[in-house]
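> Take a look at this one; I'll ask things after.
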Amino acid sequence: MKVYRHRSPMGRLVDAITFPIRALLIHENSSCGLSSLRDERMRIVAKDCVGRVLDVGCGRNNVFVQHFLEQPGSIGIDCFAYDGVDRVVDDMTATGLPDGTFDTITLIAVGGHIPRSKREAEFREFGRLLKDGGVLLMTEGEPVTQHILHRWQRLYYALLGKKDMDSERGMLPDEEYCMPRRELLSYLNTSPLKLRRRVRFMWGLNNLYIAEKRGPPA
């Protein structure tokens with residue numbers, strides 16, 4: 001596994017110019033001097049992480065916590081027992097973690113994989129786990145391009161004789177490749193969360209949403 005945690009200004013320029021090539025061929029592991037889509041997303045998110053971080057849906061090898069963060073006490077959780085996961089949580093609506101444990105919660109390219117029937121309850125749980133003033137960072141692509149990209153990844157990996165992550169673990173009936181924006185915005189603006197900022201990247205086809213937990217009025 002090759003991870004590009006840092007990029008020089010020239011490296012960032014090359015990544016920007018070659019985005020279509022990376023979108024087609026370089027999804028998880030950086031190679032040939034180019035950042036994978038995964039590494040670019042994680043670098044973008046890491047810039048806004050503060051304090052103790054909870055990475056939800058961390059995936060195999062817990063890459064974000066292990067390679068992109070320096071905050072002590074940060075952990076990665078997932079509902080699948082991938083290698084490297086700090087804690088396997090069967091039900092993300094009831095993690096069993098204490099109130100106000102984390103300064104930052106990250107959801108990196110996992111929004112659509114939250115089952116539709118559990119989304120509202122899961123975001124309530126994320127709000128509970130954040131400290132007052134803490135931030136929730138969430139990346140989500142544009143719906144049309146995300147559907148195209150996921151279908152292409154499945155075909156591309158099949159041509160290589162492999163399975164992409166979605167095919168490997170399977171998609172539940174109420175999972176999606178991308179969470180609809182209107183729905184996403186409703187969760188990020190439901191008390192105690194308030195959407196603070198949206199940052200577009202990857203030629204404007206991906207988004208970082210930054211929401212803050214606001215404590216009760218004084």
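Naming scheme: A, B, ... for chains in displayed order of the structure tokens; residues 1 onward per chain; ligands 1 onward as shown.
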Using only C-alpha atoms, which residues sit within 12 Å of Ile21 in chain A once same-chain residues fewer than 4 positions away are excluded, as a short mmCIF file (atom, residue, chain, number, x, y, z; two decimals) with N, CA and C atoms, in the first residue's frame?

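Saved as out.cif:
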data_model
loop_
_atom_site.label_atom_id
_atom_site.label_comp_id
_atom_site.auth_asym_id
_atom_site.auth_seq_id
_atom_site.Cartn_x
_atom_site.Cartn_y
_atom_site.Cartn_z
N VAL A 14 0.22 18.83 -10.55
CA VAL A 14 0.18 17.64 -11.41
C VAL A 14 -1.08 16.83 -11.12
N ASP A 15 -1.41 16.68 -9.84
CA ASP A 15 -2.63 15.94 -9.49
C ASP A 15 -3.86 16.60 -10.10
N ALA A 16 -3.91 17.94 -10.03
CA ALA A 16 -5.07 18.65 -10.57
C ALA A 16 -5.20 18.44 -12.08
N ILE A 17 -4.09 18.55 -12.78
CA ILE A 17 -4.10 18.41 -14.23
C ILE A 17 -4.50 16.99 -14.65
N LEU A 25 -8.09 5.43 -13.05
CA LEU A 25 -7.11 4.36 -12.81
C LEU A 25 -6.50 4.33 -11.41
N ILE A 26 -6.53 5.43 -10.66
CA ILE A 26 -5.79 5.47 -9.40
C ILE A 26 -6.76 5.80 -8.27
N HIS A 27 -7.41 4.78 -7.74
CA HIS A 27 -8.50 4.99 -6.79
C HIS A 27 -8.04 4.91 -5.34
N SER A 31 0.27 6.04 -7.02
CA SER A 31 1.31 5.40 -7.83
C SER A 31 1.71 6.31 -8.97
N CYS A 32 2.86 6.02 -9.56
CA CYS A 32 3.36 6.74 -10.74
C CYS A 32 3.49 8.23 -10.48
N LEU A 34 1.45 10.04 -8.85
CA LEU A 34 0.13 10.65 -8.79
C LEU A 34 -0.61 10.19 -7.53
N SER A 35 -1.36 11.10 -6.93
CA SER A 35 -2.15 10.77 -5.75
C SER A 35 -3.37 9.96 -6.12
N SER A 36 -3.70 8.98 -5.30
CA SER A 36 -4.98 8.29 -5.47
C SER A 36 -6.11 9.23 -5.04
N LEU A 37 -7.31 8.93 -5.50
CA LEU A 37 -8.47 9.71 -5.06
C LEU A 37 -8.62 9.63 -3.55
N MET A 202 -11.37 18.37 -6.50
CA MET A 202 -11.43 17.41 -7.61
C MET A 202 -12.26 17.96 -8.77
#
> Report as number ranges by chain: the residues of range 19-137 of chain A with a DSSP assignment of helix (DSSP H, G or I), based on the backbone of this structure.
A: 19-25, 37-46, 60-68, 111-113, 116-129
> Write the residues you've just listed into a file as a tab-separated table (two decimals), in the first residue's frame, and include C-alpha atoms for each of them.

chain	number	residue	atom	x	y	z
A	19	PHE	CA	-7.52	14.28	-12.32
A	20	PRO	CA	-9.37	12.44	-15.15
A	21	ILE	CA	-6.58	9.84	-15.34
A	22	ARG	CA	-6.61	9.40	-11.56
A	23	ALA	CA	-10.40	9.07	-11.55
A	24	LEU	CA	-10.17	6.25	-14.07
A	25	LEU	CA	-7.11	4.36	-12.81
A	37	LEU	CA	-8.47	9.71	-5.06
A	38	ARG	CA	-8.45	8.28	-1.53
A	39	ASP	CA	-5.25	10.09	-0.56
A	40	GLU	CA	-6.43	13.41	-1.96
A	41	ARG	CA	-9.70	13.19	-0.04
A	42	MET	CA	-7.89	12.35	3.16
A	43	ARG	CA	-5.36	15.18	2.81
A	44	ILE	CA	-8.20	17.65	2.28
A	45	VAL	CA	-10.03	16.42	5.39
A	46	ALA	CA	-6.90	16.26	7.58
A	60	ARG	CA	-9.22	-1.60	5.75
A	61	ASN	CA	-5.92	-0.64	7.45
A	62	ASN	CA	-7.50	2.39	9.15
A	63	VAL	CA	-5.58	4.54	6.66
A	64	PHE	CA	-6.75	8.00	7.71
A	65	VAL	CA	-5.94	7.62	11.40
A	66	GLN	CA	-2.72	5.70	10.84
A	67	HIS	CA	-1.22	7.79	8.04
A	68	PHE	CA	-2.81	11.25	7.92
A	111	GLY	CA	-22.32	8.93	3.37
A	112	GLY	CA	-24.23	6.80	0.88
A	113	HIS	CA	-23.18	3.65	2.71
A	116	ARG	CA	-31.24	5.15	4.60
A	117	SER	CA	-33.25	3.73	7.49
A	118	LYS	CA	-30.51	4.64	9.98
A	119	ARG	CA	-29.20	7.98	8.73
A	120	GLU	CA	-31.14	10.30	11.00
A	121	ALA	CA	-30.29	8.23	14.08
A	122	GLU	CA	-26.62	7.97	13.12
A	123	PHE	CA	-26.23	11.72	12.74
A	124	ARG	CA	-27.87	12.20	16.14
A	125	GLU	CA	-25.26	9.82	17.52
A	126	PHE	CA	-22.45	11.79	15.86
A	127	GLY	CA	-23.81	14.97	17.44
A	128	ARG	CA	-23.80	13.26	20.83
A	129	LEU	CA	-20.20	12.13	20.46
> Would you pick out the contacts of range 71-79 of chain A at 7 Å or less, using only C-alpha atoms, so that residues sharing its chain but fewer than 2 positions from it are not included, and give the list as a PDB file with C-alpha atoms, in the first residue's frame?

ATOM      1  CA  GLY A  51      -8.039  17.497  18.743  1.00  0.00           C
ATOM      2  CA  ARG A  52      -9.181  13.921  19.138  1.00  0.00           C
ATOM      3  CA  VAL A  53     -10.658  12.496  15.935  1.00  0.00           C
ATOM      4  CA  LEU A  54     -13.199   9.725  15.302  1.00  0.00           C
ATOM      5  CA  ASP A  55     -13.074   8.401  11.725  1.00  0.00           C
ATOM      6  CA  VAL A  56     -16.368   6.669  10.937  1.00  0.00           C
ATOM      7  CA  GLY A  57     -16.235   3.915   8.311  1.00  0.00           C
ATOM      8  CA  CYS A  58     -12.437   3.863   8.423  1.00  0.00           C
ATOM      9  CA  GLY A  59     -12.110   0.776   6.222  1.00  0.00           C
ATOM     10  CA  ASN A  62      -7.505   2.394   9.152  1.00  0.00           C
ATOM     11  CA  VAL A  65      -5.940   7.623  11.400  1.00  0.00           C
ATOM     12  CA  LEU A  69      -3.362  12.243  11.554  1.00  0.00           C
ATOM     13  CA  ALA A  81     -13.942  -6.225  10.870  1.00  0.00           C
ATOM     14  CA  VAL A  85      -9.862  -1.151  12.591  1.00  0.00           C
ATOM     15  CA  ASP A  86      -9.566   0.169  16.147  1.00  0.00           C
ATOM     16  CA  ARG A  87     -13.115  -0.737  17.091  1.00  0.00           C
ATOM     17  CA  VAL A  88     -15.796  -2.715  15.254  1.00  0.00           C
ATOM     18  CA  VAL A  89     -19.232  -1.190  15.881  1.00  0.00           C
ATOM     19  CA  ASP A  90     -22.195  -3.241  14.717  1.00  0.00           C
TER      20      ASP A  90
END
> Pick out the residues sitting within 12 Å of Tyr177 in chain A, and hand them over as a ChimeraX atom specification; count only C-alpha atoms, and ignore anything fewer than 3 positions along from it in its own chain.
/A:109-116,140-151,153,166-167,171-174,180
> Print the selection's residues with N, CA and C atoms to a file, as a compact mmCIF listing (two decimals), in the first residue's frame.

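Contents of again_34.txt, as written:
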# COMPACT_ATOMS: atom_id res chain seq x y z
N ALA A 109 -16.16 9.77 2.29
CA ALA A 109 -16.73 8.97 1.19
C ALA A 109 -17.55 7.79 1.70
N VAL A 110 -18.28 7.99 2.79
CA VAL A 110 -19.10 6.89 3.33
C VAL A 110 -20.58 7.26 3.47
N GLY A 111 -20.95 8.49 3.11
CA GLY A 111 -22.32 8.93 3.37
C GLY A 111 -23.39 8.02 2.77
N GLY A 112 -23.23 7.66 1.52
CA GLY A 112 -24.23 6.80 0.88
C GLY A 112 -24.29 5.41 1.47
N HIS A 113 -23.22 4.99 2.12
CA HIS A 113 -23.18 3.65 2.71
C HIS A 113 -23.86 3.58 4.07
N ILE A 114 -24.25 4.73 4.60
CA ILE A 114 -25.10 4.70 5.80
C ILE A 114 -26.49 4.30 5.35
N PRO A 115 -27.04 3.19 5.84
CA PRO A 115 -28.37 2.76 5.39
C PRO A 115 -29.39 3.88 5.56
N ARG A 116 -30.25 4.06 4.56
CA ARG A 116 -31.24 5.15 4.60
C ARG A 116 -32.08 5.10 5.86
N GLU A 140 -18.47 14.16 0.17
CA GLU A 140 -19.48 13.50 -0.66
C GLU A 140 -19.38 14.07 -2.06
N GLY A 141 -19.36 13.19 -3.04
CA GLY A 141 -19.25 13.62 -4.42
C GLY A 141 -20.58 14.05 -5.00
N GLU A 142 -20.54 14.41 -6.27
CA GLU A 142 -21.77 14.74 -6.99
C GLU A 142 -22.48 13.45 -7.39
N PRO A 143 -23.80 13.37 -7.23
CA PRO A 143 -24.51 12.10 -7.43
C PRO A 143 -24.25 11.43 -8.78
N VAL A 144 -24.35 12.16 -9.88
CA VAL A 144 -24.21 11.53 -11.19
C VAL A 144 -22.80 10.96 -11.37
N THR A 145 -21.79 11.77 -11.08
CA THR A 145 -20.42 11.30 -11.27
C THR A 145 -20.07 10.17 -10.31
N GLN A 146 -20.63 10.19 -9.11
CA GLN A 146 -20.37 9.10 -8.16
C GLN A 146 -20.93 7.78 -8.66
N HIS A 147 -22.11 7.80 -9.24
CA HIS A 147 -22.67 6.56 -9.78
C HIS A 147 -21.81 6.04 -10.94
N ILE A 148 -21.38 6.95 -11.81
CA ILE A 148 -20.54 6.54 -12.93
C ILE A 148 -19.22 5.97 -12.43
N LEU A 149 -18.60 6.68 -11.46
CA LEU A 149 -17.30 6.25 -10.94
C LEU A 149 -17.39 4.89 -10.26
N HIS A 150 -18.41 4.67 -9.45
CA HIS A 150 -18.52 3.38 -8.76
C HIS A 150 -18.74 2.23 -9.74
N ARG A 151 -19.53 2.47 -10.76
CA ARG A 151 -19.76 1.41 -11.75
C ARG A 151 -18.49 1.14 -12.55
N GLN A 153 -15.41 1.60 -11.42
CA GLN A 153 -14.48 0.91 -10.52
C GLN A 153 -14.79 -0.58 -10.46
N ASP A 166 -16.77 -2.18 -2.55
CA ASP A 166 -18.22 -2.31 -2.45
C ASP A 166 -18.66 -3.73 -2.80
N SER A 167 -18.08 -4.30 -3.85
CA SER A 167 -18.44 -5.66 -4.25
C SER A 167 -17.96 -6.68 -3.24
N MET A 171 -23.34 -4.56 -0.88
CA MET A 171 -24.14 -3.37 -0.62
C MET A 171 -25.50 -3.78 -0.05
N LEU A 172 -25.88 -3.19 1.08
CA LEU A 172 -27.19 -3.46 1.64
C LEU A 172 -28.27 -2.83 0.76
N PRO A 173 -29.51 -3.35 0.84
CA PRO A 173 -30.58 -2.83 -0.03
C PRO A 173 -30.81 -1.33 0.11
N ASP A 174 -30.60 -0.76 1.30
CA ASP A 174 -30.85 0.68 1.46
C ASP A 174 -29.57 1.49 1.54
N PRO A 180 -27.98 11.82 -1.35
CA PRO A 180 -28.54 13.01 -2.01
C PRO A 180 -28.21 14.28 -1.23
> Compare A:Gly33, A:Gly96, A:Gly215, A:Gly161 by their minimum atom-to-atom distance to Gly134 in chain A, counting only C-alpha atoms, and give me the closest one.
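Using only C-alpha atoms, the shortest distance to Gly134 in chain A belongs to A:Gly215.
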> As a list in words, list the residues of range 74-125 of chain A assigned to strand (DSSP E) by DSSP on the backbone atoms of this structure.
Ile75, Gly76, Ile77, Asp78, Arg87, Val88, Phe102, Asp103, Thr104, Ile105, Thr106, Leu107 and Ile108 of chain A
> When you draw a straight line from CA of Val135 in chain A to CA of Asp103 in chain A, how long is it in Å?
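Computed distance, CA of Val135 in chain A to CA of Asp103 in chain A, equals 6.5 Å.
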> What does the distance between CA of Cys49 in chain A and CA of Arg169 in chain A come to in Å, to one decimal place?
28.3 Å
> CA of Glu168 in chain A to CA of Ala94 in chain A: how many Å, to one decimal?
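Value for the CA of Glu168 in chain A-CA of Ala94 in chain A distance: 25.4 Å.
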> Determine the nearest neighbour of Arg197 in chain A from the options A:Thr18, A:Thr139, A:Asn29, A:Thr95, counting only C-alpha atoms.
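Of all the options, A:Thr139 lies closest to Arg197 in chain A.
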> Skip Leu136 in chain A itself and residues of its chain fewer than 6 positions away, then list as number ranges by chain all residues within 7 Å of it, counting only C-alpha atoms.
A: 104-106, 210-212
